[in-house]
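Right, one structure below, let's go through it.
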Amino acid sequence: MGRWVTRFTGGILLSFATTVWGGVIDTVDIDDSKNPATIRIDFTIPLQYINHAPERQGDELQIQFRTLANNLFSRESEISDQQTVNAAPSRFVPLIDTRYQTDAAERGVLTLRFSRRVSYKVYPGSDRRHITIEVVTTNNPLKSENQAIKPAPVTRTGKPSRPTVTLAQHYVVNLESFLEGENQPPLKDIALGERHVVYTRKFPIEDRMWNRLRIGFFETRQQAEAFKKTLLDKYPGAWVAYASSEEINQALEQADILTTPVKSPLRRPKAVLPAPADEKVYALMEEARKAIAENNINHAIQLYTKVLRYPDNEYSRDALEFLGLARERNRQYAHAIREYQRYLELYPQGEGSIRVKQRLAGLTTAAEQPRTLSTGKKRTERATPWDLYGGFSQFYRRDESTTDAGGDLVTQSSLSNDLDITARKRSSTYDLQSRFTGSYLHDFLSDGPGSYNSISSLYIDGNQKQYGIAARLGRQSRNTGGVLGRFDGLLLGYQVSDLLTVNGVAGFPVFSTRDGLKTDRYLYGISADLGTFANAWDFETFFIEQQNDGILDRRAIGGEARYFDPTKSILSFVDYDISYQSLNTLIVLGTWTLADRTTFNASLDYRNSPVLTTTNAIQGQTLPNLSDLLDTLSEDEIRQLAEDRTADVTTVSVGASHPFTDQLQMSGDITVSNLSGTNASGGVEAIPGTGNEYFYNLQLIGSNLIKNGDISVLGLRYADTSTSNISTLTLDTRYPIQNVWRINPRFRVDYRDNSNNDSTQWIASPSLRIDYRWRRRYRFEVEGGGEWSTEDLPNDSQDSSSYFFSLGYRVDF
């Protein structure tokens, strides 16, 4: 269900004033209680997934996103160019850290670094506010990786009833996935050897239960990959995975049911009706087919049973299979299992037997319940200790530019000191967490912007699982329920039922992370999360109101509707201000993934820019507060100024990505955007609109091309805007050296044809980053680069250059 889940940091709440720029990553959590383990990353703003590389495995994973915020959910522009966050240490998931770096306008790259090569699968969140990475933990002793594989039952002939699997055979081929409750897709006609086991495996993703259809088992990944290649014409989306011993034993239990004779051997039923004419049996089969189509399952069961009471005929085999299917759809699972077993006893060979085996495997998997051993003694829960983790970093940055007119100029010389610390305590009944994220930047320039500190996170958070109550108090970010981003206040949640969670929020909006607590502007609201319905649909509704200096700032209603299944997803969001009677935001996003892993995405985005609030009225004014405007203007005149300062922007985007191999993929998108103009009023001049602007992006992404762990991204971009046409070529590469060094050479070249001053311009921007990891906890990084530009004007030319240098370290604890 789409409920609000808190990750509460309760025991240690640091209060000293150091802070960082507002980051995109909110939290990083690892759940290694199961195998595969999951890494969940929550974001402070919504992000649209584009692609990731490498496709299946590596010691570094890069995920590209498109930013959907654009002043919608966060009113501040202080999104950092780079942010690094680490999770609580895990003995089984070798995650070092998680980094988000802004790549270009409205684009960014999320990078996960592991201390060793791992296999994973990426699941973008249906709400676009989180992403889940499933990681195989092959060395997790809690998952019984070294437990014995159960031997196969022996038949009366002394032969094993199904293939024998050894401790070394842990690799499987995943054919396809489908949601629980959906009709299981039939197994396609593929060549299966006697040693192969076909089974289904349950796994939860996005609060939904999925099933995976798999074939095992193989000793090495290379063997599994070779077998996968023979299936790609029927299952183009197949991929290789690692199966735990627990999964193997469950699969073999399915195989035992499929192959072990029942205690009372089944025989062909004795006819109790005289042999009919073929037309009569055909009519019964046709009537049963129509009954199934009309969902009259009970009548279909009666008809198929009647067909089976006749002497054996050409319809008997199909009637028995369809009878089992009808029993299954009627939720008579025990009867369905019996009919399927009866079918396999009578008809062990043929295409129908493959389908029946698959359905029987699905039913036996669904019937499995978790088993626990009882010692007869009452167990008391052990006290769980507090986890304290985080990171500290220091980076020096120097920027210098040179122009023909101005000469040399140092534009930045600063030392950034960043601290991110989390304390967490978890038990079976509650979760507690507290977190501080902040920084202090020291400016070495006498004429620079000056030194400052900032706080982006400072909260205490709790979740009482038994009663479904959650709370978070302090400086935090929220991008649902009508909240526009960061605020100081309280967020409450109460889970009324599995399908309904009610949330309340109250606090003071935060315009900048440099600000302390400001109480002249406040907000309050209520929201409800509903779902999941039909294993696919989630909804949210909200009401929110903001006040500023005693003036109504914003009063809005809205919500979300989300649909998510293994191949398709849709997200729609609406925010309507009932005070201004203005549609603040309307967003519709959709994705569709084909069997060959080709993914299509499309979006429609309409919004006020910025979000319409009465505070917009102070733009262009010399007075800093709304209360000052009341000395000369009425409230209605102030509201009119706010509307005049607010434009609207419409954006339509379509894109696609396709993996040619596990090492090579391509993605691209086309975007059309139109920004309206604003009216002149209050001494502020009108701003003209842009008209339609067009943006084209194409990327070729390669991984493991030269050596394992390398990633290369070649990009082409073209922008046709109201002021210029821009062609861009980018190359971004990362190469590992001895598992502890990473070199990251990058190059970008732009050609601009500027219509606003009839000039043309070439810009070249090379850079190189090198980082070194020592004992996993320590990382040292140095980066340098430059930019050279030549602009040809109608009667002149201008040359400029600049360079930057950065040096620093990070310590994780």
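Please note that chains go A, B, ... in the order of the structure tokens, that every chain numbers its residues from 1, and that ligands are numbered from 1 in the order shown.
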Excluding A:Ile743 and its own-chain neighbours fewer than 5 positions away, which residues fall within 6 Å of it when counting only C-alpha atoms? Please give them as a tab-separated table (two decimals) with N, CA and C atoms, in the first residue's frame.
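Result saved to out_8.tsv:
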```
chain	number	residue	atom	x	y	z
A	734	ARG	N	34.40	6.45	-16.76
A	734	ARG	CA	34.94	6.08	-15.45
A	734	ARG	C	35.67	4.75	-15.59
A	735	TYR	N	36.90	4.71	-15.09
A	735	TYR	CA	37.71	3.50	-15.18
A	735	TYR	C	38.26	3.14	-13.80
A	769	ARG	N	38.64	13.78	-12.83
A	769	ARG	CA	38.48	13.51	-11.41
A	769	ARG	C	39.17	12.18	-11.08
A	770	ILE	N	39.88	12.16	-9.98
A	770	ILE	CA	40.55	10.94	-9.51
A	770	ILE	C	40.17	10.75	-8.04
```
Running DSSP on the backbone, which parts of stretch 502-583 of chain A land in strand (DSSP E or B), as a PyMOL selection string?
chain A and resi 502-509+521-533+537-548+551-564+568-577+582-583
Worksheet item: By how many Å are atom CA of A:Arg116 and atom CA of A:Ile215 apart?
Response: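 Going from atom CA of A:Arg116 over to atom CA of A:Ile215 covers 26.7 Å.
Between atom CA of A:Arg327 and atom CA of A:Leu284 lies a distance of 17.4 Å.
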inquiry  = From the options A:Thr402, A:Thr599, A:Ser119, A:Ser627, which residue's atoms come nearest to A:Gly550, counting only C-alpha atoms?
reply    =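 Distance minimum relative to A:Gly550 lands on A:Ser627.
Within 12 Å of A:Thr760, once only C-alpha atoms are used and residues closer than 5 positions along the same chain are dropped, the contacting residues are Thr723, Ser724, Asn725, Ile726, Ser727, Asp750, Tyr751, Arg752, Asp753, Asn754, Ser755, Ser789, Thr790, Glu791, Asp792, Leu793, Pro794, Asp796, Ser797 and Gln798 of chain A.
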Output N, CA, C and O atoms of each residue in that selection to a file, as a PDB file, in the first residue's frame.
```pdb
ATOM      1  N   THR A 723      16.422  32.117 -27.760  1.00  0.00           N
ATOM      2  CA  THR A 723      17.590  33.004 -27.845  1.00  0.00           C
ATOM      3  C   THR A 723      18.778  32.393 -28.562  1.00  0.00           C
ATOM      4  O   THR A 723      19.664  33.126 -29.004  1.00  0.00           O
ATOM      5  N   SER A 724      18.817  31.070 -28.706  1.00  0.00           N
ATOM      6  CA  SER A 724      19.979  30.448 -29.343  1.00  0.00           C
ATOM      7  C   SER A 724      19.674  29.011 -29.730  1.00  0.00           C
ATOM      8  O   SER A 724      18.750  28.384 -29.190  1.00  0.00           O
ATOM      9  N   ASN A 725      20.487  28.506 -30.648  1.00  0.00           N
ATOM     10  CA  ASN A 725      20.503  27.084 -30.989  1.00  0.00           C
ATOM     11  C   ASN A 725      21.821  26.519 -30.480  1.00  0.00           C
ATOM     12  O   ASN A 725      22.896  27.043 -30.794  1.00  0.00           O
ATOM     13  N   ILE A 726      21.742  25.430 -29.693  1.00  0.00           N
ATOM     14  CA  ILE A 726      22.927  24.906 -29.024  1.00  0.00           C
ATOM     15  C   ILE A 726      23.107  23.438 -29.381  1.00  0.00           C
ATOM     16  O   ILE A 726      22.196  22.620 -29.173  1.00  0.00           O
ATOM     17  N   SER A 727      24.284  23.093 -29.894  1.00  0.00           N
ATOM     18  CA  SER A 727      24.650  21.700 -30.177  1.00  0.00           C
ATOM     19  C   SER A 727      25.728  21.293 -29.179  1.00  0.00           C
ATOM     20  O   SER A 727      26.717  22.019 -29.002  1.00  0.00           O
ATOM     21  N   ASP A 750      30.454  22.654 -26.833  1.00  0.00           N
ATOM     22  CA  ASP A 750      29.197  23.289 -27.231  1.00  0.00           C
ATOM     23  C   ASP A 750      29.443  24.209 -28.420  1.00  0.00           C
ATOM     24  O   ASP A 750      30.476  24.913 -28.473  1.00  0.00           O
ATOM     25  N   TYR A 751      28.475  24.234 -29.305  1.00  0.00           N
ATOM     26  CA  TYR A 751      28.453  25.248 -30.356  1.00  0.00           C
ATOM     27  C   TYR A 751      27.125  25.982 -30.254  1.00  0.00           C
ATOM     28  O   TYR A 751      26.055  25.373 -30.325  1.00  0.00           O
ATOM     29  N   ARG A 752      27.179  27.315 -30.071  1.00  0.00           N
ATOM     30  CA  ARG A 752      25.984  28.128 -29.873  1.00  0.00           C
ATOM     31  C   ARG A 752      25.843  29.127 -31.021  1.00  0.00           C
ATOM     32  O   ARG A 752      26.803  29.827 -31.375  1.00  0.00           O
ATOM     33  N   ASP A 753      24.651  29.179 -31.554  1.00  0.00           N
ATOM     34  CA  ASP A 753      24.291  30.187 -32.544  1.00  0.00           C
ATOM     35  C   ASP A 753      23.267  31.098 -31.887  1.00  0.00           C
ATOM     36  O   ASP A 753      22.083  30.753 -31.768  1.00  0.00           O
ATOM     37  N   ASN A 754      23.725  32.260 -31.403  1.00  0.00           N
ATOM     38  CA  ASN A 754      22.912  33.144 -30.592  1.00  0.00           C
ATOM     39  C   ASN A 754      22.143  34.139 -31.457  1.00  0.00           C
ATOM     40  O   ASN A 754      22.749  34.977 -32.147  1.00  0.00           O
ATOM     41  N   SER A 755      20.828  34.068 -31.422  1.00  0.00           N
ATOM     42  CA  SER A 755      19.995  34.975 -32.208  1.00  0.00           C
ATOM     43  C   SER A 755      19.795  36.321 -31.534  1.00  0.00           C
ATOM     44  O   SER A 755      19.423  37.292 -32.193  1.00  0.00           O
ATOM     45  N   SER A 789      36.449  29.457 -24.284  1.00  0.00           N
ATOM     46  CA  SER A 789      35.343  29.932 -25.093  1.00  0.00           C
ATOM     47  C   SER A 789      35.827  30.991 -26.091  1.00  0.00           C
ATOM     48  O   SER A 789      36.650  31.849 -25.742  1.00  0.00           O
ATOM     49  N   THR A 790      35.284  30.897 -27.293  1.00  0.00           N
ATOM     50  CA  THR A 790      35.518  31.909 -28.327  1.00  0.00           C
ATOM     51  C   THR A 790      34.177  32.323 -28.894  1.00  0.00           C
ATOM     52  O   THR A 790      33.430  31.480 -29.408  1.00  0.00           O
ATOM     53  N   GLU A 791      33.853  33.613 -28.793  1.00  0.00           N
ATOM     54  CA  GLU A 791      32.581  34.127 -29.290  1.00  0.00           C
ATOM     55  C   GLU A 791      32.857  35.130 -30.408  1.00  0.00           C
ATOM     56  O   GLU A 791      33.592  36.118 -30.214  1.00  0.00           O
ATOM     57  N   ASP A 792      32.261  34.887 -31.573  1.00  0.00           N
ATOM     58  CA  ASP A 792      32.412  35.770 -32.733  1.00  0.00           C
ATOM     59  C   ASP A 792      31.179  36.638 -32.853  1.00  0.00           C
ATOM     60  O   ASP A 792      30.078  36.156 -33.152  1.00  0.00           O
ATOM     61  N   LEU A 793      31.375  37.942 -32.613  1.00  0.00           N
ATOM     62  CA  LEU A 793      30.313  38.916 -32.751  1.00  0.00           C
ATOM     63  C   LEU A 793      30.342  39.528 -34.141  1.00  0.00           C
ATOM     64  O   LEU A 793      31.323  39.363 -34.885  1.00  0.00           O
ATOM     65  N   PRO A 794      29.295  40.277 -34.549  1.00  0.00           N
ATOM     66  CA  PRO A 794      29.297  40.869 -35.898  1.00  0.00           C
ATOM     67  C   PRO A 794      30.521  41.737 -36.159  1.00  0.00           C
ATOM     68  O   PRO A 794      31.056  41.733 -37.278  1.00  0.00           O
ATOM     69  N   ASP A 796      33.293  42.021 -33.763  1.00  0.00           N
ATOM     70  CA  ASP A 796      34.327  41.792 -32.765  1.00  0.00           C
ATOM     71  C   ASP A 796      34.361  40.303 -32.421  1.00  0.00           C
ATOM     72  O   ASP A 796      33.511  39.523 -32.858  1.00  0.00           O
ATOM     73  N   SER A 797      35.323  39.907 -31.634  1.00  0.00           N
ATOM     74  CA  SER A 797      35.401  38.552 -31.088  1.00  0.00           C
ATOM     75  C   SER A 797      35.905  38.643 -29.659  1.00  0.00           C
ATOM     76  O   SER A 797      36.670  39.553 -29.307  1.00  0.00           O
ATOM     77  N   GLN A 798      35.469  37.707 -28.833  1.00  0.00           N
ATOM     78  CA  GLN A 798      35.848  37.696 -27.427  1.00  0.00           C
ATOM     79  C   GLN A 798      36.304  36.298 -27.039  1.00  0.00           C
ATOM     80  O   GLN A 798      35.638  35.315 -27.354  1.00  0.00           O
TER      81      GLN A 798
END
```
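The gap separating atom CA of A:Tyr171 from atom CA of A:Val740 is 28.4 Å, in Å to one decimal.
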